[in-house]
Amino acid sequence: MGRVQDKVVFVTGAARGQGRAHAIRLAGEGADIIAVDLCEDIASNGYPLASADDLDETVRQVEKLGRRIVARKADVRDRAALKAAVDEGVFELGRLDAVVAQAGIAPLGPDRGPQAFLDAVTVDFHGVVHAVEAALPHLPDGSSIVATGSIAALIPASTDNPANGPGGLGYSFAKRQVAAFVHDLATVLTARRIRVNAVHPTNVNTDMLNADIMYRSFRPDLENPTREDALASFPATTGFGIPYVEPEDVAETVLFLVSDESRYVTGVQMRVDAGGYVKRRPQLPTF
C-alpha cells in the first residue's frame with residue numbers, strides 16, 4: 001500500500017517541472033491524478049511555458065506507474081475551464097481527495113510592462129484560488145489542499161526589486177497572498193478538518209530557473225549572462241550553499257502534506273529552502 005493509495009489528487013501546472021514531479025511522486029505512492037496545464041505561452045513571460053507534448057509525457061509517466069490520470073488543457077486564470085476539468089476528472093475517477101495548486105510563472109525583466117504584474121498575480125495567486133474553488137465542492141472532510149508559494153513570499157527584496165520590473169513585484173505580491181490565503185483558508189475549513197498548507201521552495205531546478213530572464217536577475221552586472229555565470233550566484237539564496245533544490249525534493253514535502261501522515265498539520269508555511277529563510281530573516285535586537 002502506498003502512502004496515498006487510491007486517493008485522487010488534482011494538480012495544476014502538471015505538464016513539467018514541479019507539477020510533473022508532484023504528479024509522478026503521488027502516483028508512485030498509489031494516487032490517481034487530475035492534471036491540468038495551459039500548454040501555451042504567455043506573452044509577458046520571457047521563457048517558453050510547457051507544451052501539450054510535455055503534458056502527454058506526464059500522462060505517460062503516471063500511467064507507467066500503473067495509475068490513472070485525466071489530463072486537460074486548462075488555464076488557471078479561467079474559473080470555468082478549471083471547474084470543467086475537475087468535474088470531468090471526478091466523474092471519470094470517482095472522487096477527489098486533494099489539491100496541489102502548483103501552476104506559476106515568473107515574468108521578470110525591467111522591460112516588461114504592467115501586464116507582467118497582472119499576469120503574475122492572476123496566474124500565481126488567482127490560479128490558486130480558482131483551483132481551490134473548483135475542487136472544494138468535491139473534497140470530503142479530512143482532505144488536503146496544498147499551494148505552492150515561494151521563499152520570495154517570506155523574504156523582502158527578493159524578486160520584488162526594481163531590476164526585475166513589474167513582473168517581479170507581481171510575483172512577490174502573488175506569493176505573499178498565497179501565504180495569507182492558506183493561513184486564513186485553513187481557519188475557515190477547520191470544522192471540516194480540511195488541511196490547507198503552503199510549500200515555499202527556494203530556487204528549483206526547472207525551466208523557470210534555467211531561463212535567460214532569471215540569469216539576468218541573478219547577474220545584473222552582465223549584459224548577457226549564461227547559466228554558468230548565474231550558477232555562481234544561485235547559492236546566495238540558500239543557507240546550505242547549494243544553488244537549487246530539485247523538483248523531486250519539493251515533491252517529497254507535497255506527498256507528506258497530501259498523505260494522512262499530515263492529518264493534524266494545517267495553516268503551515270512549509271519551507272523547502274535549504275536554510276534560505278533563516279539565513280536572511282530579520283534578526284531580533286540583542287540587549
# chains A, B, ... in the order shown; residues from 1 in each chain; ligands from 1
$ residues_around --residues "region 21-37 of chain A" --least-positions-apart "6" --cutoff "6 Å" --atoms "only C-alpha atoms" --output "PyMOL selection string"
chain A and resi 2-15+62+67-74+89+247-248+251
$ write_last_selection --atoms "N, CA, C and O atoms" --output "compact mmCIF listing (two decimals), in the first residue's frame"
# COMPACT_ATOMS: atom_id res chain seq x y z
N GLY A 2 0.56 2.18 -0.90
CA GLY A 2 1.28 3.42 -0.94
C GLY A 2 0.78 4.41 0.10
O GLY A 2 -0.27 4.22 0.72
N ARG A 3 1.52 5.46 0.27
CA ARG A 3 1.18 6.46 1.30
C ARG A 3 -0.05 7.26 0.94
O ARG A 3 -0.66 7.88 1.82
N VAL A 4 -0.43 7.30 -0.34
CA VAL A 4 -1.66 7.97 -0.76
C VAL A 4 -2.48 7.02 -1.63
O VAL A 4 -3.07 7.42 -2.63
N GLN A 5 -2.50 5.75 -1.22
CA GLN A 5 -3.12 4.70 -2.02
C GLN A 5 -4.57 5.02 -2.36
O GLN A 5 -5.39 5.29 -1.48
N ASP A 6 -4.87 5.03 -3.66
CA ASP A 6 -6.21 5.21 -4.22
C ASP A 6 -6.83 6.58 -3.95
O ASP A 6 -8.02 6.78 -4.18
N LYS A 7 -6.04 7.52 -3.48
CA LYS A 7 -6.52 8.90 -3.43
C LYS A 7 -6.51 9.47 -4.84
O LYS A 7 -5.73 9.03 -5.70
N VAL A 8 -7.33 10.48 -5.08
CA VAL A 8 -7.32 11.22 -6.34
C VAL A 8 -6.88 12.64 -6.03
O VAL A 8 -7.44 13.31 -5.15
N VAL A 9 -5.86 13.10 -6.75
CA VAL A 9 -5.26 14.41 -6.48
C VAL A 9 -5.31 15.27 -7.74
O VAL A 9 -4.93 14.82 -8.83
N PHE A 10 -5.77 16.49 -7.58
CA PHE A 10 -5.85 17.47 -8.65
C PHE A 10 -4.58 18.32 -8.62
O PHE A 10 -4.28 18.94 -7.60
N VAL A 11 -3.81 18.33 -9.72
CA VAL A 11 -2.54 19.04 -9.79
C VAL A 11 -2.59 20.03 -10.94
O VAL A 11 -2.82 19.65 -12.10
N THR A 12 -2.35 21.32 -10.65
CA THR A 12 -2.25 22.33 -11.72
C THR A 12 -0.78 22.52 -12.09
O THR A 12 0.12 22.28 -11.29
N GLY A 13 -0.56 22.97 -13.32
CA GLY A 13 0.82 23.12 -13.80
C GLY A 13 1.54 21.80 -13.89
O GLY A 13 2.74 21.71 -13.63
N ALA A 14 0.81 20.75 -14.30
CA ALA A 14 1.31 19.38 -14.20
C ALA A 14 2.15 18.93 -15.39
O ALA A 14 2.66 17.82 -15.39
N ALA A 15 2.30 19.77 -16.41
CA ALA A 15 2.96 19.31 -17.63
C ALA A 15 4.46 19.13 -17.48
O ALA A 15 5.06 18.31 -18.20
N VAL A 62 2.86 8.82 -15.48
CA VAL A 62 1.91 8.39 -14.46
C VAL A 62 1.33 7.02 -14.81
O VAL A 62 1.25 6.13 -13.96
N ARG A 67 -1.05 3.92 -12.64
CA ARG A 67 -2.13 4.74 -12.08
C ARG A 67 -2.90 5.43 -13.20
O ARG A 67 -2.40 5.62 -14.31
N ARG A 68 -4.11 5.83 -12.89
CA ARG A 68 -4.96 6.52 -13.85
C ARG A 68 -4.71 8.03 -13.79
O ARG A 68 -4.36 8.57 -12.74
N ILE A 69 -4.90 8.68 -14.92
CA ILE A 69 -4.73 10.13 -14.98
C ILE A 69 -5.71 10.71 -16.00
O ILE A 69 -5.88 10.17 -17.10
N VAL A 70 -6.35 11.79 -15.62
CA VAL A 70 -7.19 12.57 -16.52
C VAL A 70 -6.49 13.90 -16.73
O VAL A 70 -6.30 14.67 -15.78
N ALA A 71 -6.04 14.16 -17.94
CA ALA A 71 -5.27 15.37 -18.25
C ALA A 71 -6.08 16.28 -19.15
O ALA A 71 -6.67 15.82 -20.14
N ARG A 72 -6.10 17.55 -18.83
CA ARG A 72 -6.83 18.54 -19.61
C ARG A 72 -5.99 19.79 -19.80
O ARG A 72 -5.25 20.20 -18.90
N LYS A 73 -6.13 20.39 -20.97
CA LYS A 73 -5.54 21.70 -21.23
C LYS A 73 -6.48 22.75 -20.63
O LYS A 73 -7.64 22.85 -21.05
N ALA A 74 -6.00 23.50 -19.66
CA ALA A 74 -6.84 24.49 -18.99
C ALA A 74 -5.96 25.59 -18.41
O ALA A 74 -4.85 25.33 -17.92
N GLY A 89 -12.73 15.13 -14.35
CA GLY A 89 -11.82 14.20 -13.68
C GLY A 89 -12.50 13.42 -12.57
O GLY A 89 -12.30 12.20 -12.42
N PRO A 247 13.05 19.43 -8.27
CA PRO A 247 11.59 19.32 -8.13
C PRO A 247 11.18 18.15 -7.25
O PRO A 247 10.19 18.25 -6.51
N GLU A 248 11.94 17.07 -7.32
CA GLU A 248 11.61 15.89 -6.51
C GLU A 248 11.76 16.15 -5.02
O GLU A 248 11.08 15.52 -4.20
N ALA A 251 8.57 17.70 -4.12
CA ALA A 251 7.51 16.69 -4.22
C ALA A 251 7.43 15.82 -2.97
O ALA A 251 6.34 15.37 -2.60
$ closest_atom_pairs --of "region 35-146 of chain A" --to "region 199-205 of chain A" --cutoff "12 Å" --atoms "only C-alpha atoms" --output "tab-separated table"
residue	atom	partner	partner_atom	distance
A:Val100	CA	A:Val199	CA	10.0
A:Ala101	CA	A:Val199	CA	10.2
A:Gln102	CA	A:Val199	CA	9.6
A:Ile145	CA	A:Val199	CA	10.8
A:Val146	CA	A:Val199	CA	7.2
$ atom_distance --atom1 "CA of Leu231 (chain A)" --atom2 "CA of Ala103 (chain A)"
24.6 Å
$ select_by_dssp --residues "region 34-75 of chain A" --states "alpha helix (DSSP H)" --output "PyMOL selection string"
chain A and resi 52-64
$ write_last_selection --atoms "N, CA and C atoms" --output "short mmCIF file (atom, residue, chain, number, x, y, z; two decimals), in the first residue's frame"
data_model
loop_
_atom_site.label_atom_id
_atom_site.label_comp_id
_atom_site.auth_asym_id
_atom_site.auth_seq_id
_atom_site.Cartn_x
_atom_site.Cartn_y
_atom_site.Cartn_z
N ALA A 52 1.81 20.93 -25.04
CA ALA A 52 0.92 19.76 -25.00
C ALA A 52 1.74 18.47 -24.95
N ASP A 53 2.88 18.46 -25.63
CA ASP A 53 3.75 17.27 -25.58
C ASP A 53 4.27 17.02 -24.17
N ASP A 54 4.56 18.11 -23.44
CA ASP A 54 5.00 17.96 -22.05
C ASP A 54 3.91 17.32 -21.21
N LEU A 55 2.67 17.77 -21.40
CA LEU A 55 1.56 17.19 -20.64
C LEU A 55 1.38 15.72 -21.00
N ASP A 56 1.54 15.39 -22.27
CA ASP A 56 1.46 14.00 -22.70
C ASP A 56 2.53 13.14 -22.00
N GLU A 57 3.70 13.72 -21.80
CA GLU A 57 4.77 12.98 -21.14
C GLU A 57 4.42 12.73 -19.67
N THR A 58 3.80 13.71 -19.03
CA THR A 58 3.34 13.49 -17.65
C THR A 58 2.34 12.34 -17.61
N VAL A 59 1.41 12.33 -18.57
CA VAL A 59 0.43 11.24 -18.65
C VAL A 59 1.16 9.91 -18.80
N ARG A 60 2.13 9.87 -19.70
CA ARG A 60 2.85 8.62 -19.95
C ARG A 60 3.54 8.13 -18.67
N GLN A 61 4.17 9.03 -17.95
CA GLN A 61 4.92 8.61 -16.77
C GLN A 61 4.00 8.17 -15.63
N VAL A 62 2.86 8.82 -15.48
CA VAL A 62 1.91 8.39 -14.46
C VAL A 62 1.33 7.02 -14.81
N GLU A 63 0.95 6.85 -16.07
CA GLU A 63 0.39 5.56 -16.49
C GLU A 63 1.43 4.44 -16.40
N LYS A 64 2.69 4.77 -16.62
CA LYS A 64 3.76 3.78 -16.50
C LYS A 64 3.83 3.23 -15.08
#
$ atom_distance --atom1 "CA of Phe234 (chain A)" --atom2 "CA of Gly104 (chain A)"
19.9 Å
$ closest_residue --among "A:Gly267, A:Val123, A:Tyr244, A:Leu255" --to "His183 (chain A)" --atoms "only C-alpha atoms"
A:Gly267
$ closest_residue --among "A:Gly276, A:Pro225, A:Pro220, A:Pro114" --to "Thr238 (chain A)" --atoms "only C-alpha atoms"
A:Gly276
$ residues_around --residues "Ala81 (chain A)" --least-positions-apart "3" --cutoff "12 Å" --atoms "only C-alpha atoms" --output "PyMOL selection string"
chain A and resi 36-38+72-78+84-88+127+130-131+133-134
$ atom_distance --atom1 "CA of His126 (chain A)" --atom2 "CA of Ser44 (chain A)"
16.8 Å
$ residues_around --residues "Phe181 (chain A)" --least-positions-apart "5" --cutoff "10 Å" --atoms "only C-alpha atoms" --output "number ranges by chain"
A: 125, 128-129, 147, 175-176, 186-187, 196-198, 267
$ write_last_selection --atoms "all heavy atoms" --output "mmCIF file, in the first residue's frame"
data_model
loop_
_atom_site.group_PDB
_atom_site.id
_atom_site.type_symbol
_atom_site.label_atom_id
_atom_site.label_comp_id
_atom_site.auth_asym_id
_atom_site.auth_seq_id
_atom_site.Cartn_x
_atom_site.Cartn_y
_atom_site.Cartn_z
ATOM 1 N N PHE A 125 -1.516 33.772 -8.038
ATOM 2 C CA PHE A 125 -2.434 33.865 -6.896
ATOM 3 C C PHE A 125 -3.862 33.489 -7.265
ATOM 4 O O PHE A 125 -4.431 32.559 -6.696
ATOM 5 C CB PHE A 125 -2.407 35.263 -6.281
ATOM 6 C CG PHE A 125 -3.431 35.431 -5.185
ATOM 7 C CD1 PHE A 125 -3.489 34.541 -4.134
ATOM 8 C CD2 PHE A 125 -4.342 36.476 -5.219
ATOM 9 C CE1 PHE A 125 -4.442 34.673 -3.119
ATOM 10 C CE2 PHE A 125 -5.299 36.616 -4.225
ATOM 11 C CZ PHE A 125 -5.346 35.721 -3.161
ATOM 12 N N VAL A 128 -4.396 29.876 -7.845
ATOM 13 C CA VAL A 128 -4.538 29.060 -6.638
ATOM 14 C C VAL A 128 -5.974 29.102 -6.138
ATOM 15 O O VAL A 128 -6.587 28.074 -5.819
ATOM 16 C CB VAL A 128 -3.560 29.530 -5.544
ATOM 17 C CG1 VAL A 128 -3.847 28.828 -4.219
ATOM 18 C CG2 VAL A 128 -2.115 29.288 -5.976
ATOM 19 N N VAL A 129 -6.533 30.307 -6.067
ATOM 20 C CA VAL A 129 -7.911 30.461 -5.596
ATOM 21 C C VAL A 129 -8.875 29.703 -6.503
ATOM 22 O O VAL A 129 -9.779 28.996 -6.040
ATOM 23 C CB VAL A 129 -8.290 31.947 -5.515
ATOM 24 C CG1 VAL A 129 -9.748 32.114 -5.097
ATOM 25 C CG2 VAL A 129 -7.373 32.685 -4.543
ATOM 26 N N ALA A 147 -0.767 24.547 -1.618
ATOM 27 C CA ALA A 147 -0.486 25.607 -2.586
ATOM 28 C C ALA A 147 1.007 25.879 -2.626
ATOM 29 O O ALA A 147 1.688 25.837 -1.590
ATOM 30 C CB ALA A 147 -1.235 26.884 -2.219
ATOM 31 N N LYS A 175 2.829 35.626 -4.342
ATOM 32 C CA LYS A 175 3.256 34.583 -3.415
ATOM 33 C C LYS A 175 2.971 34.984 -1.968
ATOM 34 O O LYS A 175 2.664 34.113 -1.127
ATOM 35 C CB LYS A 175 4.737 34.270 -3.617
ATOM 36 C CG LYS A 175 5.071 33.694 -5.001
ATOM 37 C CD LYS A 175 4.309 32.407 -5.294
ATOM 38 C CE LYS A 175 4.777 31.754 -6.584
ATOM 39 N NZ LYS A 175 4.084 30.479 -6.872
ATOM 40 N N ARG A 176 3.065 36.276 -1.639
ATOM 41 C CA ARG A 176 2.665 36.724 -0.301
ATOM 42 C C ARG A 176 1.183 36.481 -0.074
ATOM 43 O O ARG A 176 0.753 36.090 1.023
ATOM 44 C CB ARG A 176 3.001 38.195 -0.094
ATOM 45 C CG ARG A 176 4.481 38.504 0.039
ATOM 46 C CD ARG A 176 4.722 39.907 0.568
ATOM 47 N NE ARG A 176 4.191 40.947 -0.296
ATOM 48 C CZ ARG A 176 4.876 41.547 -1.275
ATOM 49 N NH1 ARG A 176 6.123 41.176 -1.524
ATOM 50 N NH2 ARG A 176 4.331 42.494 -2.006
ATOM 51 N N ALA A 186 -7.238 27.890 5.937
ATOM 52 C CA ALA A 186 -7.114 26.824 6.922
ATOM 53 C C ALA A 186 -8.037 27.076 8.103
ATOM 54 O O ALA A 186 -8.666 26.142 8.638
ATOM 55 C CB ALA A 186 -5.662 26.711 7.397
ATOM 56 N N THR A 187 -8.155 28.333 8.514
ATOM 57 C CA THR A 187 -9.056 28.687 9.608
ATOM 58 C C THR A 187 -10.504 28.417 9.224
ATOM 59 O O THR A 187 -11.281 27.840 9.993
ATOM 60 C CB THR A 187 -8.881 30.166 9.975
ATOM 61 O OG1 THR A 187 -7.517 30.411 10.319
ATOM 62 C CG2 THR A 187 -9.769 30.558 11.138
ATOM 63 N N VAL A 196 -4.996 22.852 4.992
ATOM 64 C CA VAL A 196 -4.576 23.801 3.959
ATOM 65 C C VAL A 196 -3.173 24.284 4.315
ATOM 66 O O VAL A 196 -2.967 24.896 5.366
ATOM 67 C CB VAL A 196 -5.532 25.001 3.861
ATOM 68 C CG1 VAL A 196 -5.187 25.851 2.645
ATOM 69 C CG2 VAL A 196 -6.989 24.552 3.818
ATOM 70 N N ASN A 197 -2.226 24.004 3.438
ATOM 71 C CA ASN A 197 -0.832 24.337 3.718
ATOM 72 C C ASN A 197 -0.142 24.879 2.469
ATOM 73 O O ASN A 197 -0.576 24.624 1.344
ATOM 74 C CB ASN A 197 -0.081 23.088 4.203
ATOM 75 C CG ASN A 197 -0.630 22.552 5.507
ATOM 76 O OD1 ASN A 197 -0.461 23.172 6.551
ATOM 77 N ND2 ASN A 197 -1.313 21.412 5.451
ATOM 78 N N ALA A 198 0.927 25.619 2.689
ATOM 79 C CA ALA A 198 1.735 26.145 1.586
ATOM 80 C C ALA A 198 3.132 25.551 1.645
ATOM 81 O O ALA A 198 3.676 25.313 2.727
ATOM 82 C CB ALA A 198 1.817 27.663 1.640
ATOM 83 N N GLY A 267 -2.479 25.130 8.031
ATOM 84 C CA GLY A 267 -2.084 26.526 8.146
ATOM 85 C C GLY A 267 -0.587 26.740 8.193
ATOM 86 O O GLY A 267 -0.114 27.782 8.643
#
$ residues_around --residues "Arg219 (chain A)" --least-positions-apart "5" --cutoff "12 Å" --atoms "only C-alpha atoms" --output "NGL selection string"
:A and (163-164 or 212-214 or 224-234 or 236)
$ closest_residue --among "A:Pro137, A:Gly149, A:Ile105, A:Val188" --to "Tyr47 (chain A)" --atoms "only C-alpha atoms"
A:Ile105
